[in-house]
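Trainee: Let me give you the structure first, and then I'll get to my questions.
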Amino acid sequence: MHMKTKKRSQQKRLLIFRRYIPYILIFCLSISCIIPLVCAHAPATMKATYNTENQDLQVTISHQVTSATIHYISKIEIKKNGEIYNTSLYTNQPTTNSFSYIYKVNATTGDVIDVYASCNQGGSKTAQIIVGQDNNENDTSTPGFELILLLGALIVSIGLLRKKYS
């Protein structure tokens with residue numbers, strides 16, 4: 001009699017384990033996908049200003065990191081009127097929070113300058129200015145967009161699994 005009870009108990013545990021294993025796998029997969037997104041992030045802010053006298057483009061970036069040599073803004077790409085004007089690659093960033101780069105850009109009134117900055121661990125930010133116009137708000141990226149997509153996929157996956165195993 002004791003053997004039957006033990007066997008039933010084992011079968012019940014196995015059944016419970018099989019029922020919840022998809023949830024456990026989705027949870028583990030979600031965590032492994034979210035960790036890089038949390039560690040790697042786009043610059044918090046990026047502002048571009050153009051000095052027509054000196055023909056200098058100043059790009060000010062806020063990208064807070066713990067180590068500027070491991071996690072940093074690795075690429076700044078400048079486009080003038082839709083054409084690539086300059087691409088600068090970096091192996092670190094000057095500080096662990098906010099910093100500026102200055103680039104010589106030959107531009108005239110009405111030229112559109114797009115600046116794209118990307119992190120070596122993922123995430124990017126863009127800004128656009130029009131030379132000769134007031135460009136107070138020139139940060140055009142959507143912060144956290146990748147995280148929203150991941151969370152949406154996670155919710156849909158859990159919903160599908162609930163329907164399948166209900």
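Identifiers in this document derive from the order of the structure tokens: chains are assigned A, B, ..., residues are numbered from 1 separately in each chain, and ligands are numbered from 1 in order of occurrence.
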Using the chain letters and numbers from this document, which residues of range 54-153 of chain A does DSSP assign to alpha helix (DSSP H), as a PyMOL selection string?
Mentor: chain A and resi 145-153
Trainee: Kindly provide the residues of range 55-157 of chain A that approach range 9-30 of chain A to within 10 Å, each paired with its closest atom pair and their distance in Å to one decimal, based on only C-alpha atoms, listed by chain and increasing number, as a Markdown table.
Mentor:
| residue | atom | partner | partner_atom | distance |
| --- | --- | --- | --- | --- |
| A:Leu150 | CA | A:Ser30 | CA | 8.1 |
| A:Leu151 | CA | A:Ser30 | CA | 8.5 |
| A:Ala153 | CA | A:Ser30 | CA | 9.5 |
| A:Leu154 | CA | A:Ser30 | CA | 7.0 |
| A:Ser157 | CA | A:Ile26 | CA | 7.9 |
Trainee: Between CA of Tyr103 in chain A and CA of Ser88 in chain A, what is the distance in Å, rounded to a tenth?
Mentor: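 Computing the Euclidean distance for CA of Tyr103 in chain A and CA of Ser88 in chain A yields 9.7 Å.
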Trainee: May I ask for the distance between CA of Ala44 in chain A and CA of Asn106 in chain A, given in Å to one decimal place?
Mentor: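 Separation of CA of Ala44 in chain A and CA of Asn106 in chain A: 27.8 Å.
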Trainee: Residues at most 10 Å from Asp56 in chain A, counting only C-alpha atoms, excluding those fewer than 3 positions away in the same chain, as a CSV table (one decimal) with C-alpha atoms, in the first residue's frame?
Mentor:
chain,number,residue,atom,x,y,z
A,49,THR,CA,24.3,72.5,-31.7
A,50,TYR,CA,26.0,74.2,-34.7
A,51,ASN,CA,28.1,77.3,-34.6
A,52,THR,CA,28.0,78.9,-38.0
A,53,GLU,CA,30.9,81.2,-37.3
A,59,VAL,CA,27.4,66.9,-29.9
A,101,TYR,CA,32.5,66.0,-29.0
A,102,ILE,CA,33.2,68.8,-31.5
A,103,TYR,CA,33.3,68.1,-35.3
A,104,LYS,CA,34.2,70.5,-38.1
A,105,VAL,CA,31.2,70.5,-40.5
A,106,ASN,CA,31.0,72.8,-43.5
A,107,ALA,CA,27.3,73.7,-43.5
Trainee: With only C-alpha atoms as the counted atoms, please give the residues lying no more than 12 Å from Pro94 in chain A, apart from itself and same-chain residues fewer than 6 positions off, as JSON, numbers by chain.
Mentor: {"A": [60, 61, 62, 63, 64, 65, 67, 68, 69, 71, 72, 73, 74, 100, 101]}
Trainee: Tell me which protein, DNA and RNA residues are within 8 Å of Val112 in chain A, counting only C-alpha atoms, leaving out same-chain ones fewer than 2 positions away, and put them as a list in words.
Mentor: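 Answer for this query is Lys80, Asn81, Gly82, Gly110, Asp114, Gln128, Ile129, Ile130 and Val131 of chain A.
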Trainee: Counting only C-alpha atoms, what is within 10 Å of Ile84 in chain A, bar same-chain residues fewer than 6 positions away, as an MDAnalysis selection string?
Mentor: chainID A and resid 77:78 113:115
Trainee: Could you save the residues just selected, with N, CA and C atoms, as a PDB file, in the first residue's frame?
Mentor:
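Result saved to selection_29.pdb:
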ATOM      1  N   GLU A  77      27.820  59.021 -36.033  1.00  0.00           N
ATOM      2  CA  GLU A  77      27.707  59.200 -37.481  1.00  0.00           C
ATOM      3  C   GLU A  77      26.974  60.504 -37.750  1.00  0.00           C
ATOM      4  N   ILE A  78      27.553  61.322 -38.598  1.00  0.00           N
ATOM      5  CA  ILE A  78      26.971  62.617 -38.946  1.00  0.00           C
ATOM      6  C   ILE A  78      26.572  62.577 -40.418  1.00  0.00           C
ATOM      7  N   ILE A 113      21.318  68.514 -40.539  1.00  0.00           N
ATOM      8  CA  ILE A 113      22.383  67.674 -39.981  1.00  0.00           C
ATOM      9  C   ILE A 113      21.751  66.656 -39.036  1.00  0.00           C
ATOM     10  N   ASP A 114      21.973  65.389 -39.331  1.00  0.00           N
ATOM     11  CA  ASP A 114      21.506  64.288 -38.484  1.00  0.00           C
ATOM     12  C   ASP A 114      22.708  63.696 -37.772  1.00  0.00           C
ATOM     13  N   VAL A 115      22.562  63.440 -36.480  1.00  0.00           N
ATOM     14  CA  VAL A 115      23.627  62.834 -35.689  1.00  0.00           C
ATOM     15  C   VAL A 115      23.076  61.547 -35.084  1.00  0.00           C
TER      16      VAL A 115
END
